[in-house]
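Peer 1: The file below is coords12.pdb, PDB, C-alpha atoms:
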```
ATOM      1  CA  MET A   4     -24.729  19.231  -9.358  1.00  0.00           C
ATOM      2  CA  SER A   5     -26.641  16.043  -8.533  1.00  0.00           C
ATOM      3  CA  GLU A   6     -23.934  14.099 -10.398  1.00  0.00           C
ATOM      4  CA  GLU A   7     -21.345  15.630  -8.057  1.00  0.00           C
ATOM      5  CA  LYS A   8     -23.453  14.694  -5.032  1.00  0.00           C
ATOM      6  CA  ALA A   9     -23.893  11.130  -6.236  1.00  0.00           C
ATOM      7  CA  LYS A  10     -20.150  10.680  -6.556  1.00  0.00           C
ATOM      8  CA  PRO A  11     -18.314  12.634  -3.870  1.00  0.00           C
ATOM      9  CA  LYS A  12     -14.607  13.041  -4.486  1.00  0.00           C
ATOM     10  CA  LEU A  13     -12.384  10.373  -3.033  1.00  0.00           C
ATOM     11  CA  TYR A  14      -8.800  11.247  -2.081  1.00  0.00           C
ATOM     12  CA  PHE A  15      -5.789   8.987  -1.655  1.00  0.00           C
ATOM     13  CA  ALA A  16      -3.454  10.589   0.877  1.00  0.00           C
ATOM     14  CA  THR A  17       0.074   9.862  -0.300  1.00  0.00           C
ATOM     15  CA  GLU A  18       3.157  11.777  -1.394  1.00  0.00           C
ATOM     16  CA  ASN A  19       4.309   8.688  -3.289  1.00  0.00           C
ATOM     17  CA  LEU A  20       3.333   9.028  -6.959  1.00  0.00           C
ATOM     18  CA  GLY A  21       4.171   5.358  -7.606  1.00  0.00           C
ATOM     19  CA  LYS A  22       1.667   4.263  -4.961  1.00  0.00           C
ATOM     20  CA  PHE A  23      -0.937   6.639  -6.373  1.00  0.00           C
ATOM     21  CA  LYS A  24      -0.495   5.266  -9.917  1.00  0.00           C
ATOM     22  CA  GLU A  25      -0.907   1.681  -8.695  1.00  0.00           C
ATOM     23  CA  ALA A  26      -4.079   2.544  -6.771  1.00  0.00           C
ATOM     24  CA  TYR A  27      -5.462   4.620  -9.645  1.00  0.00           C
ATOM     25  CA  GLU A  28      -4.918   1.755 -12.095  1.00  0.00           C
ATOM     26  CA  VAL A  29      -6.775  -0.712  -9.840  1.00  0.00           C
ATOM     27  CA  LEU A  30      -9.684   1.538  -8.857  1.00  0.00           C
ATOM     28  CA  SER A  31     -10.315   3.022 -12.300  1.00  0.00           C
ATOM     29  CA  LYS A  32     -11.122  -0.514 -13.535  1.00  0.00           C
ATOM     30  CA  SER A  33     -14.067  -0.467 -11.103  1.00  0.00           C
ATOM     31  CA  GLY A  34     -15.097   2.999 -12.251  1.00  0.00           C
ATOM     32  CA  ILE A  35     -13.816   4.629  -9.069  1.00  0.00           C
ATOM     33  CA  GLU A  36     -11.917   7.876  -9.587  1.00  0.00           C
ATOM     34  CA  ILE A  37      -9.407   9.008  -6.985  1.00  0.00           C
ATOM     35  CA  TYR A  38      -7.487  12.217  -6.497  1.00  0.00           C
ATOM     36  CA  GLN A  39      -4.077  12.528  -4.913  1.00  0.00           C
ATOM     37  CA  LEU A  40      -3.887  14.312  -1.578  1.00  0.00           C
ATOM     38  CA  PRO A  41      -0.108  14.839  -1.370  1.00  0.00           C
ATOM     39  CA  VAL A  42       0.156  15.507   2.354  1.00  0.00           C
ATOM     40  CA  LYS A  43       2.334  14.147   5.108  1.00  0.00           C
ATOM     41  CA  LYS A  44       0.378  11.637   7.151  1.00  0.00           C
ATOM     42  CA  LEU A  45       0.501  11.853  10.912  1.00  0.00           C
ATOM     43  CA  GLU A  46       1.781   8.411  11.904  1.00  0.00           C
ATOM     44  CA  ILE A  47       1.665   6.993  15.400  1.00  0.00           C
ATOM     45  CA  GLN A  48       4.494   4.840  16.682  1.00  0.00           C
ATOM     46  CA  SER A  49       3.111   1.318  16.533  1.00  0.00           C
ATOM     47  CA  ASP A  50       4.113  -2.137  15.350  1.00  0.00           C
ATOM     48  CA  ASP A  51       0.595  -2.629  13.980  1.00  0.00           C
ATOM     49  CA  LEU A  52       0.077  -1.475  10.369  1.00  0.00           C
ATOM     50  CA  GLU A  53      -3.723  -1.510  10.768  1.00  0.00           C
ATOM     51  CA  GLU A  54      -3.527   0.814  13.769  1.00  0.00           C
ATOM     52  CA  ILE A  55      -1.157   3.192  11.928  1.00  0.00           C
ATOM     53  CA  ALA A  56      -3.309   3.392   8.769  1.00  0.00           C
ATOM     54  CA  LYS A  57      -6.562   3.811  10.715  1.00  0.00           C
ATOM     55  CA  PHE A  58      -5.179   6.613  12.878  1.00  0.00           C
ATOM     56  CA  SER A  59      -3.850   8.483   9.801  1.00  0.00           C
ATOM     57  CA  ALA A  60      -7.091   8.105   7.816  1.00  0.00           C
ATOM     58  CA  GLU A  61      -9.291   9.273  10.694  1.00  0.00           C
ATOM     59  CA  GLN A  62      -7.092  12.309  11.331  1.00  0.00           C
ATOM     60  CA  LEU A  63      -7.048  13.321   7.644  1.00  0.00           C
ATOM     61  CA  ALA A  64     -10.803  12.848   7.162  1.00  0.00           C
ATOM     62  CA  LYS A  65     -11.401  15.084  10.167  1.00  0.00           C
ATOM     63  CA  GLU A  66      -8.822  17.706   9.165  1.00  0.00           C
ATOM     64  CA  TYR A  67      -9.669  17.977   5.439  1.00  0.00           C
ATOM     65  CA  LYS A  68     -13.374  17.021   5.723  1.00  0.00           C
ATOM     66  CA  VAL A  69     -13.135  14.637   2.757  1.00  0.00           C
ATOM     67  CA  ARG A  70     -13.460  10.953   1.962  1.00  0.00           C
ATOM     68  CA  VAL A  71      -9.932   9.678   2.248  1.00  0.00           C
ATOM     69  CA  LEU A  72      -7.869   6.558   1.665  1.00  0.00           C
ATOM     70  CA  VAL A  73      -4.610   5.827   3.430  1.00  0.00           C
ATOM     71  CA  GLU A  74      -2.371   2.887   2.596  1.00  0.00           C
ATOM     72  CA  ASP A  75       0.414   1.580   4.752  1.00  0.00           C
ATOM     73  CA  ALA A  76       2.624  -1.300   3.716  1.00  0.00           C
ATOM     74  CA  GLY A  77       5.544  -3.232   5.116  1.00  0.00           C
ATOM     75  CA  LEU A  78       8.081  -5.845   4.053  1.00  0.00           C
ATOM     76  CA  PHE A  79       8.295  -8.697   6.572  1.00  0.00           C
ATOM     77  CA  ILE A  80      11.342 -10.967   6.264  1.00  0.00           C
ATOM     78  CA  ASP A  81      11.018 -14.361   7.985  1.00  0.00           C
ATOM     79  CA  GLU A  82      14.706 -14.802   8.832  1.00  0.00           C
ATOM     80  CA  LEU A  83      14.815 -11.299  10.364  1.00  0.00           C
ATOM     81  CA  LYS A  84      11.792 -12.074  12.591  1.00  0.00           C
ATOM     82  CA  GLY A  85       9.500  -9.872  10.518  1.00  0.00           C
ATOM     83  CA  PHE A  86      11.892  -6.921  10.222  1.00  0.00           C
ATOM     84  CA  PRO A  87      11.534  -4.262   8.811  1.00  0.00           C
ATOM     85  CA  GLY A  88       7.719  -4.684   8.947  1.00  0.00           C
ATOM     86  CA  PRO A  89       5.929  -1.480  10.050  1.00  0.00           C
ATOM     87  CA  PHE A  90       9.302   0.293  10.010  1.00  0.00           C
ATOM     88  CA  SER A  91       9.912  -0.394   6.289  1.00  0.00           C
ATOM     89  CA  SER A  92       9.753   3.253   5.215  1.00  0.00           C
ATOM     90  CA  TYR A  93      12.215   4.334   7.915  1.00  0.00           C
ATOM     91  CA  THR A  94      14.471   1.344   7.185  1.00  0.00           C
ATOM     92  CA  TYR A  95      14.464   2.176   3.470  1.00  0.00           C
ATOM     93  CA  LYS A  96      15.455   5.789   4.214  1.00  0.00           C
ATOM     94  CA  THR A  97      18.211   4.805   6.640  1.00  0.00           C
ATOM     95  CA  ILE A  98      19.908   1.559   5.549  1.00  0.00           C
ATOM     96  CA  GLY A  99      18.135   1.095   2.216  1.00  0.00           C
ATOM     97  CA  ILE A 100      18.200  -1.925  -0.061  1.00  0.00           C
ATOM     98  CA  LYS A 101      21.954  -2.386   0.465  1.00  0.00           C
ATOM     99  CA  GLY A 102      21.424  -2.590   4.216  1.00  0.00           C
ATOM    100  CA  ILE A 103      18.747  -5.274   3.902  1.00  0.00           C
ATOM    101  CA  LEU A 104      20.887  -7.310   1.495  1.00  0.00           C
ATOM    102  CA  LYS A 105      23.809  -7.002   3.944  1.00  0.00           C
ATOM    103  CA  LEU A 106      21.605  -8.421   6.721  1.00  0.00           C
ATOM    104  CA  MET A 107      20.625 -11.258   4.363  1.00  0.00           C
ATOM    105  CA  GLU A 108      24.198 -12.162   3.346  1.00  0.00           C
ATOM    106  CA  ASN A 109      24.739 -15.958   3.439  1.00  0.00           C
ATOM    107  CA  VAL A 110      21.121 -16.494   4.553  1.00  0.00           C
ATOM    108  CA  SER A 111      19.487 -19.421   2.774  1.00  0.00           C
ATOM    109  CA  ASN A 112      15.920 -18.811   3.978  1.00  0.00           C
ATOM    110  CA  ARG A 113      14.908 -15.781   1.924  1.00  0.00           C
ATOM    111  CA  ASP A 114      11.146 -16.068   2.471  1.00  0.00           C
ATOM    112  CA  ALA A 115       9.337 -12.790   3.019  1.00  0.00           C
ATOM    113  CA  TYR A 116       6.003 -11.129   2.485  1.00  0.00           C
ATOM    114  CA  PHE A 117       4.625  -7.704   1.732  1.00  0.00           C
ATOM    115  CA  LYS A 118       1.567  -6.635   3.685  1.00  0.00           C
ATOM    116  CA  SER A 119      -0.720  -3.798   2.614  1.00  0.00           C
ATOM    117  CA  VAL A 120      -3.330  -2.105   4.762  1.00  0.00           C
ATOM    118  CA  VAL A 121      -5.814   0.266   3.117  1.00  0.00           C
ATOM    119  CA  CYS A 122      -8.040   2.345   5.373  1.00  0.00           C
ATOM    120  CA  TYR A 123     -11.044   4.316   4.141  1.00  0.00           C
ATOM    121  CA  CYS A 124     -12.592   7.046   6.239  1.00  0.00           C
ATOM    122  CA  SER A 125     -14.915  10.015   5.858  1.00  0.00           C
ATOM    123  CA  PRO A 126     -16.055  12.695   8.322  1.00  0.00           C
ATOM    124  CA  SER A 127     -19.460  10.992   8.648  1.00  0.00           C
ATOM    125  CA  GLU A 128     -18.689   7.271   8.311  1.00  0.00           C
ATOM    126  CA  PRO A 129     -16.766   4.805  10.447  1.00  0.00           C
ATOM    127  CA  SER A 130     -13.392   3.746   9.056  1.00  0.00           C
ATOM    128  CA  ALA A 131     -13.044   0.478   7.140  1.00  0.00           C
ATOM    129  CA  VAL A 132      -9.796  -1.473   6.844  1.00  0.00           C
ATOM    130  CA  PHE A 133      -8.688  -3.863   4.079  1.00  0.00           C
ATOM    131  CA  VAL A 134      -5.613  -6.068   4.494  1.00  0.00           C
ATOM    132  CA  SER A 135      -3.741  -8.170   1.936  1.00  0.00           C
ATOM    133  CA  VAL A 136      -0.510 -10.114   1.868  1.00  0.00           C
ATOM    134  CA  VAL A 137       1.693 -11.407  -0.942  1.00  0.00           C
ATOM    135  CA  ARG A 138       4.413 -13.923  -0.169  1.00  0.00           C
ATOM    136  CA  GLY A 139       7.682 -14.179  -2.028  1.00  0.00           C
ATOM    137  CA  VAL A 140      11.451 -14.194  -1.584  1.00  0.00           C
ATOM    138  CA  ILE A 141      14.248 -11.660  -1.233  1.00  0.00           C
ATOM    139  CA  SER A 142      16.558 -11.655  -4.266  1.00  0.00           C
ATOM    140  CA  THR A 143      20.328 -11.732  -3.793  1.00  0.00           C
ATOM    141  CA  VAL A 144      20.864  -8.561  -5.844  1.00  0.00           C
ATOM    142  CA  PRO A 145      18.614  -5.601  -6.733  1.00  0.00           C
ATOM    143  CA  ARG A 146      16.940  -6.019 -10.141  1.00  0.00           C
ATOM    144  CA  GLY A 147      14.850  -3.603 -12.192  1.00  0.00           C
ATOM    145  CA  SER A 148      14.324   0.134 -12.222  1.00  0.00           C
ATOM    146  CA  GLY A 149      10.551   0.378 -11.782  1.00  0.00           C
ATOM    147  CA  GLY A 150       8.455   0.564  -8.651  1.00  0.00           C
ATOM    148  CA  PHE A 151       9.772   2.063  -5.437  1.00  0.00           C
ATOM    149  CA  GLY A 152      11.016   1.134  -1.984  1.00  0.00           C
ATOM    150  CA  PHE A 153      12.095  -2.494  -1.677  1.00  0.00           C
ATOM    151  CA  ASP A 154      10.557  -3.510  -5.040  1.00  0.00           C
ATOM    152  CA  PRO A 155      13.994  -4.275  -6.612  1.00  0.00           C
ATOM    153  CA  ILE A 156      14.654  -7.105  -4.119  1.00  0.00           C
ATOM    154  CA  PHE A 157      11.208  -8.718  -3.776  1.00  0.00           C
ATOM    155  CA  ILE A 158      10.141 -11.573  -6.075  1.00  0.00           C
ATOM    156  CA  PRO A 159       6.468 -12.468  -5.549  1.00  0.00           C
ATOM    157  CA  GLU A 160       5.304 -16.091  -5.604  1.00  0.00           C
ATOM    158  CA  GLY A 161       4.441 -17.185  -9.125  1.00  0.00           C
ATOM    159  CA  SER A 162       6.952 -14.883 -10.810  1.00  0.00           C
ATOM    160  CA  LYS A 163      10.660 -14.874 -11.582  1.00  0.00           C
ATOM    161  CA  LYS A 164      10.746 -11.077 -11.734  1.00  0.00           C
ATOM    162  CA  THR A 165      11.151  -8.587  -8.919  1.00  0.00           C
ATOM    163  CA  PHE A 166       8.402  -5.991  -8.539  1.00  0.00           C
ATOM    164  CA  ALA A 167      10.858  -3.426  -9.948  1.00  0.00           C
ATOM    165  CA  GLU A 168      11.162  -5.426 -13.192  1.00  0.00           C
ATOM    166  CA  MET A 169       7.395  -5.156 -13.787  1.00  0.00           C
ATOM    167  CA  ASP A 170       5.290  -2.313 -15.120  1.00  0.00           C
ATOM    168  CA  VAL A 171       2.316  -1.131 -13.049  1.00  0.00           C
ATOM    169  CA  VAL A 172      -0.185  -3.406 -14.812  1.00  0.00           C
ATOM    170  CA  GLU A 173       1.934  -6.541 -14.311  1.00  0.00           C
ATOM    171  CA  LYS A 174       2.823  -5.646 -10.730  1.00  0.00           C
ATOM    172  CA  ASN A 175      -0.873  -5.251  -9.927  1.00  0.00           C
ATOM    173  CA  LEU A 176      -1.449  -8.896 -10.915  1.00  0.00           C
ATOM    174  CA  TYR A 177       0.630  -9.950  -7.890  1.00  0.00           C
ATOM    175  CA  SER A 178       0.700  -6.952  -5.602  1.00  0.00           C
ATOM    176  CA  HIS A 179      -0.474  -6.821  -1.993  1.00  0.00           C
ATOM    177  CA  ARG A 180      -1.511  -3.204  -2.626  1.00  0.00           C
ATOM    178  CA  ALA A 181      -3.675  -4.130  -5.631  1.00  0.00           C
ATOM    179  CA  LYS A 182      -5.433  -6.830  -3.576  1.00  0.00           C
ATOM    180  CA  SER A 183      -6.223  -4.382  -0.769  1.00  0.00           C
ATOM    181  CA  PHE A 184      -7.513  -1.744  -3.181  1.00  0.00           C
ATOM    182  CA  ASN A 185      -9.639  -4.341  -4.995  1.00  0.00           C
ATOM    183  CA  ALA A 186     -11.209  -5.333  -1.665  1.00  0.00           C
ATOM    184  CA  PHE A 187     -11.850  -1.658  -0.919  1.00  0.00           C
ATOM    185  CA  ALA A 188     -13.399  -1.124  -4.386  1.00  0.00           C
ATOM    186  CA  GLN A 189     -15.935  -3.877  -3.774  1.00  0.00           C
ATOM    187  CA  TYR A 190     -16.855  -2.390  -0.394  1.00  0.00           C
ATOM    188  CA  TYR A 191     -17.059   1.184  -1.730  1.00  0.00           C
ATOM    189  CA  LEU A 192     -19.308   0.265  -4.661  1.00  0.00           C
ATOM    190  CA  GLU A 193     -21.637  -1.925  -2.592  1.00  0.00           C
ATOM    191  CA  LYS A 194     -21.761  -0.151   0.755  1.00  0.00           C
ATOM    192  CA  ILE A 195     -20.915   3.515   0.203  1.00  0.00           C
ATOM    193  CA  LEU A 196     -21.935   4.626  -3.289  1.00  0.00           C
ATOM    194  CA  LYS A 197     -25.264   2.777  -3.108  1.00  0.00           C
ATOM    195  CA  SER A 198     -26.194   4.775  -0.031  1.00  0.00           C
ATOM    196  CA  CYS A 199     -25.281   8.156  -1.589  1.00  0.00           C
TER     197      CYS A 199
END
```
As C-alpha cells - that is how I would like this structure written.
Peer 2:
Amino acid sequence: MSEEKAKPKLYFATENLGKFKEAYEVLSKSGIEIYQLPVKKLEIQSDDLEEIAKFSAEQLAKEYKVRVLVEDAGLFIDELKGFPGPFSSYTYKTIGIKGILKLMENVSNRDAYFKSVVCYCSPSEPSAVFVSVVRGVISTVPRGSGGFGFDPIFIPEGSKKTFAEMDVVEKNLYSHRAKSFNAFAQYYLEKILKSC
C-alpha cells in the first residue's frame, strides 16, 4: 500500500496509441510508468498550443481526479506563415498530407518545425508546461509507413529520413515530443516524486 502511495498513477490523456508509445518509451527510461487515458480532450479554440494543453490538462485532472499529462503538437511551415500550427490535427483530418503538399507545390523554401507542448496537472498541484521544438524540412513526397499525422513529410534536421521512416526509438532521438517528455521526466522525478 505504501508503495502505491509513493508512486501515484500517472495518466497520459490521448486516444492516439502512437503518441502513447512514444511517451511510454521516453518515460520508462527514467523509471516513470504511465497509463493511457483514452478520452477526448476538451480543447479551447486558441492559436496558442500552451494555452490549449494547459486548459485540457486542468479540466481532466479535475474531472478524473488523477495526475494527468496532456500533449499538444503542431507542424509550423515557414512559407505558409506557420500554418497549420495549432490547427494541425484539424488540417490533417480535412486536407491531409496531400493538401499540405499541394500548398507546397513549386515552393523552394521548405523549412518547418514541429512544436510539442506537454502539460502536467493533478487535482492538488499547479500545472507545469514543457515546450520543445525540432526544426526540419517538408519532403516533396510522403515517405515511410510508421508514425502518424504529418510524419511522412517531415525530415528533422540531422537526418535524411522522414519521421515515418523511423521506428519509435530512432524517432525519439530527434522528436519534439521526446524532448518535451524528457523535460517533464526531470521535473517529475525532482519536484513531484521527491515530495510524495
Peer 1: Looking at only C-alpha atoms, which of A:Phe157, A:Phe86, A:Phe117, A:Phe187 is the one that sits closest to A:Ser33?
Peer 2: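 So, comparing all the options, the nearest one is A:Phe187.
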Peer 1: So that I can check the surroundings of A:Ile37, please list as a list in words every protein, DNA and RNA residue that reaches within 9 Å of it, counting all atoms listed in the file and ignoring chain neighbours fewer than 3 positions away.
Peer 2: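 Final neighbour list, sorted by chain and number: Lys12, Leu13, Tyr14, Phe15, Phe23, Ala26, Tyr27, Leu30 and Ser31 of chain A.
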Peer 1: Could you check which residues have any atom within 9 Å of (4.5, -11.5, -10.4), counting all atoms listed in the file with coordinates taken straight from the file, and then list them as a ChimeraX atom specification?
Peer 2: /A:158-166,169,173-178
Peer 1: Based on the selection just made, write C-alpha atoms of those residues as a short mmCIF file (atom, residue, chain, number, x, y, z; two decimals), in the frame of the given file.
Peer 2:
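In the end it all went to part38.cif:
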```
data_model
loop_
_atom_site.label_atom_id
_atom_site.label_comp_id
_atom_site.auth_asym_id
_atom_site.auth_seq_id
_atom_site.Cartn_x
_atom_site.Cartn_y
_atom_site.Cartn_z
CA ILE A 158 10.14 -11.57 -6.08
CA PRO A 159 6.47 -12.47 -5.55
CA GLU A 160 5.30 -16.09 -5.60
CA GLY A 161 4.44 -17.18 -9.12
CA SER A 162 6.95 -14.88 -10.81
CA LYS A 163 10.66 -14.87 -11.58
CA LYS A 164 10.75 -11.08 -11.73
CA THR A 165 11.15 -8.59 -8.92
CA PHE A 166 8.40 -5.99 -8.54
CA MET A 169 7.40 -5.16 -13.79
CA GLU A 173 1.93 -6.54 -14.31
CA LYS A 174 2.82 -5.65 -10.73
CA ASN A 175 -0.87 -5.25 -9.93
CA LEU A 176 -1.45 -8.90 -10.92
CA TYR A 177 0.63 -9.95 -7.89
CA SER A 178 0.70 -6.95 -5.60
#
```
Peer 1: For A:Leu83, please output as a count of residues only all residues within 9 Å (counting all atoms listed in the file; exclusion window: fewer than 4 positions along the same chain).
Peer 2: 4
Peer 1: Show me as a PDB file with C-alpha atoms, in the coordinates of the input the residues that reach within 12 Å of (11.7, 0.4, 12.2), counting only C-alpha atoms and using the file's own coordinates.
Peer 2:
```pdb
ATOM      1  CA  GLN A  48       4.494   4.840  16.682  1.00  0.00           C
ATOM      2  CA  SER A  49       3.111   1.318  16.533  1.00  0.00           C
ATOM      3  CA  ASP A  50       4.113  -2.137  15.350  1.00  0.00           C
ATOM      4  CA  ASP A  51       0.595  -2.629  13.980  1.00  0.00           C
ATOM      5  CA  LEU A  52       0.077  -1.475  10.369  1.00  0.00           C
ATOM      6  CA  GLY A  77       5.544  -3.232   5.116  1.00  0.00           C
ATOM      7  CA  LEU A  78       8.081  -5.845   4.053  1.00  0.00           C
ATOM      8  CA  PHE A  79       8.295  -8.697   6.572  1.00  0.00           C
ATOM      9  CA  GLY A  85       9.500  -9.872  10.518  1.00  0.00           C
ATOM     10  CA  PHE A  86      11.892  -6.921  10.222  1.00  0.00           C
ATOM     11  CA  PRO A  87      11.534  -4.262   8.811  1.00  0.00           C
ATOM     12  CA  GLY A  88       7.719  -4.684   8.947  1.00  0.00           C
ATOM     13  CA  PRO A  89       5.929  -1.480  10.050  1.00  0.00           C
ATOM     14  CA  PHE A  90       9.302   0.293  10.010  1.00  0.00           C
ATOM     15  CA  SER A  91       9.912  -0.394   6.289  1.00  0.00           C
ATOM     16  CA  SER A  92       9.753   3.253   5.215  1.00  0.00           C
ATOM     17  CA  TYR A  93      12.215   4.334   7.915  1.00  0.00           C
ATOM     18  CA  THR A  94      14.471   1.344   7.185  1.00  0.00           C
ATOM     19  CA  TYR A  95      14.464   2.176   3.470  1.00  0.00           C
ATOM     20  CA  LYS A  96      15.455   5.789   4.214  1.00  0.00           C
ATOM     21  CA  THR A  97      18.211   4.805   6.640  1.00  0.00           C
ATOM     22  CA  ILE A  98      19.908   1.559   5.549  1.00  0.00           C
ATOM     23  CA  GLY A  99      18.135   1.095   2.216  1.00  0.00           C
TER      24      GLY A  99
END
```
Peer 1: Write out as a ChimeraX atom specification which residues come within 9 Å of A:Lys22 when counting all atoms listed in the file, dropping same-chain ones fewer than 6 positions away.
Peer 2: /A:74,150-151,180
Peer 1: Taking only C-alpha atoms into account, which of A:Tyr38, A:Ala115, A:Ser135, A:Ile55 comes nearest A:Ala186?
Peer 2: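 Comparing A:Tyr38, A:Ala115, A:Ser135, A:Ile55 against A:Ala186, the winner is A:Ser135.
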Peer 1: Tell me which of A:Ile141, A:Ala60, A:Ala16, A:Cys124 sits closest to A:Gln39, counting only C-alpha atoms.
Peer 2: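 Of all the options, A:Ala16 lies closest to A:Gln39.
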Peer 1: Just say which residues the PyMOL selection byres ((chain A and resi 62-70) around 12) picks in this file, as a PyMOL selection string.
Peer 2: chain A and resi 10-17+37-47+55-61+71-73+122-131+191+195-196
Peer 1: Between A:Val140, A:Lys105, A:Lys118, A:Lys194, which residue has the minimum interatomic distance to A:Asp81, considering only C-alpha atoms?
Peer 2: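 Of the candidates, the smallest distance to A:Asp81 is held by A:Val140.
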Peer 1: I need the residue set behind the PyMOL selection byres ((chain A and resi 147) around 6) for this file; please write it as a list in words.
Peer 2: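 This file, filtered by the PyMOL selection byres ((chain A and resi 147) around 6), leaves Arg146, Ser148, Gly149, Pro155, Ala167 and Glu168 of chain A.
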Peer 1: Please determine an axis-aligned box that encloses all atoms of stretch 77-87 of chain A listed in the file, with 5 Å added on each side, and express its centre and edge lengths in Å to one decimal as AutoDock Vina command-line options.
Peer 2:
```
--center_x 10.2 --center_y -9.0 --center_z 8.3 --size_x 19.3 --size_y 21.6 --size_z 18.5
```
Peer 1: Hey, which of A:Val134, A:Val120, A:Glu53, A:Lys101 ends up closest to A:Gly152? Count only C-alpha atoms.
Peer 2: A:Lys101
Peer 1: In terms of the shortest atom-to-atom distance over only C-alpha atoms, which of A:Arg113, A:Arg138, A:Phe133, A:Gly34 is closest to A:Leu192?
Peer 2: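 Ranked by minimum distance to A:Leu192, first place goes to A:Gly34.
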Peer 1: Atom CA of A:Gln189 and atom CA of A:Asp170, how far apart in Å?
Peer 2: 24.1 Å
Peer 1: How many Å separate atom CA of A:Val132 from atom CA of A:Asn19?
Peer 2: 20.1 Å
Peer 1: Atom CA of A:Glu82 to atom CA of A:Ser142: how many Å, to one decimal?
Peer 2: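 So the answer is 13.6 Å.
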Peer 1: Taking N, CA and C atoms as the atom set, what does stretch 11-29 of chain A look like once completed, written as a PDB file, in the coordinates of the input?
Peer 2:
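This went into rebuild-v4.pdb:
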```pdb
ATOM      1  N   PRO A  11     -19.218  11.702  -4.569  1.00  0.00           N
ATOM      2  CA  PRO A  11     -18.314  12.634  -3.870  1.00  0.00           C
ATOM      3  C   PRO A  11     -16.861  12.283  -4.185  1.00  0.00           C
ATOM      4  N   LYS A  12     -16.014  13.283  -4.162  1.00  0.00           N
ATOM      5  CA  LYS A  12     -14.607  13.041  -4.486  1.00  0.00           C
ATOM      6  C   LYS A  12     -13.964  12.156  -3.411  1.00  0.00           C
ATOM      7  N   LEU A  13     -13.098  11.304  -3.900  1.00  0.00           N
ATOM      8  CA  LEU A  13     -12.384  10.373  -3.033  1.00  0.00           C
ATOM      9  C   LEU A  13     -10.891  10.659  -3.178  1.00  0.00           C
ATOM     10  N   TYR A  14     -10.216  10.879  -2.057  1.00  0.00           N
ATOM     11  CA  TYR A  14      -8.800  11.247  -2.081  1.00  0.00           C
ATOM     12  C   TYR A  14      -7.934  10.129  -1.515  1.00  0.00           C
ATOM     13  N   PHE A  15      -6.785   9.920  -2.161  1.00  0.00           N
ATOM     14  CA  PHE A  15      -5.789   8.987  -1.655  1.00  0.00           C
ATOM     15  C   PHE A  15      -4.649   9.828  -1.095  1.00  0.00           C
ATOM     16  N   ALA A  16      -4.473   9.776   0.209  1.00  0.00           N
ATOM     17  CA  ALA A  16      -3.454  10.589   0.877  1.00  0.00           C
ATOM     18  C   ALA A  16      -2.094   9.905   0.773  1.00  0.00           C
ATOM     19  N   THR A  17      -1.280  10.390  -0.153  1.00  0.00           N
ATOM     20  CA  THR A  17       0.074   9.862  -0.300  1.00  0.00           C
ATOM     21  C   THR A  17       0.934  10.884  -1.038  1.00  0.00           C
ATOM     22  N   GLU A  18       2.197  10.946  -0.663  1.00  0.00           N
ATOM     23  CA  GLU A  18       3.157  11.777  -1.394  1.00  0.00           C
ATOM     24  C   GLU A  18       3.890  10.942  -2.443  1.00  0.00           C
ATOM     25  N   ASN A  19       3.617   9.626  -2.422  1.00  0.00           N
ATOM     26  CA  ASN A  19       4.309   8.688  -3.289  1.00  0.00           C
ATOM     27  C   ASN A  19       3.519   8.515  -4.593  1.00  0.00           C
ATOM     28  N   LEU A  20       4.036   9.081  -5.677  1.00  0.00           N
ATOM     29  CA  LEU A  20       3.333   9.028  -6.959  1.00  0.00           C
ATOM     30  C   LEU A  20       3.215   7.596  -7.480  1.00  0.00           C
ATOM     31  N   GLY A  21       4.210   6.770  -7.190  1.00  0.00           N
ATOM     32  CA  GLY A  21       4.171   5.358  -7.606  1.00  0.00           C
ATOM     33  C   GLY A  21       2.992   4.629  -6.969  1.00  0.00           C
ATOM     34  N   LYS A  22       2.808   4.853  -5.680  1.00  0.00           N
ATOM     35  CA  LYS A  22       1.667   4.263  -4.961  1.00  0.00           C
ATOM     36  C   LYS A  22       0.354   4.749  -5.564  1.00  0.00           C
ATOM     37  N   PHE A  23       0.295   6.057  -5.833  1.00  0.00           N
ATOM     38  CA  PHE A  23      -0.937   6.639  -6.373  1.00  0.00           C
ATOM     39  C   PHE A  23      -1.275   6.006  -7.725  1.00  0.00           C
ATOM     40  N   LYS A  24      -0.266   5.847  -8.587  1.00  0.00           N
ATOM     41  CA  LYS A  24      -0.495   5.266  -9.917  1.00  0.00           C
ATOM     42  C   LYS A  24      -1.021   3.837  -9.813  1.00  0.00           C
ATOM     43  N   GLU A  25      -0.453   3.064  -8.878  1.00  0.00           N
ATOM     44  CA  GLU A  25      -0.907   1.681  -8.695  1.00  0.00           C
ATOM     45  C   GLU A  25      -2.367   1.646  -8.252  1.00  0.00           C
ATOM     46  N   ALA A  26      -2.703   2.496  -7.280  1.00  0.00           N
ATOM     47  CA  ALA A  26      -4.079   2.544  -6.771  1.00  0.00           C
ATOM     48  C   ALA A  26      -5.041   3.034  -7.848  1.00  0.00           C
ATOM     49  N   TYR A  27      -4.618   4.046  -8.583  1.00  0.00           N
ATOM     50  CA  TYR A  27      -5.462   4.620  -9.645  1.00  0.00           C
ATOM     51  C   TYR A  27      -5.782   3.557 -10.699  1.00  0.00           C
ATOM     52  N   GLU A  28      -4.758   2.790 -11.070  1.00  0.00           N
ATOM     53  CA  GLU A  28      -4.918   1.755 -12.095  1.00  0.00           C
ATOM     54  C   GLU A  28      -5.925   0.700 -11.640  1.00  0.00           C
ATOM     55  N   VAL A  29      -5.857   0.301 -10.381  1.00  0.00           N
ATOM     56  CA  VAL A  29      -6.775  -0.712  -9.840  1.00  0.00           C
ATOM     57  C   VAL A  29      -8.199  -0.163  -9.754  1.00  0.00           C
TER      58      VAL A  29
END
```
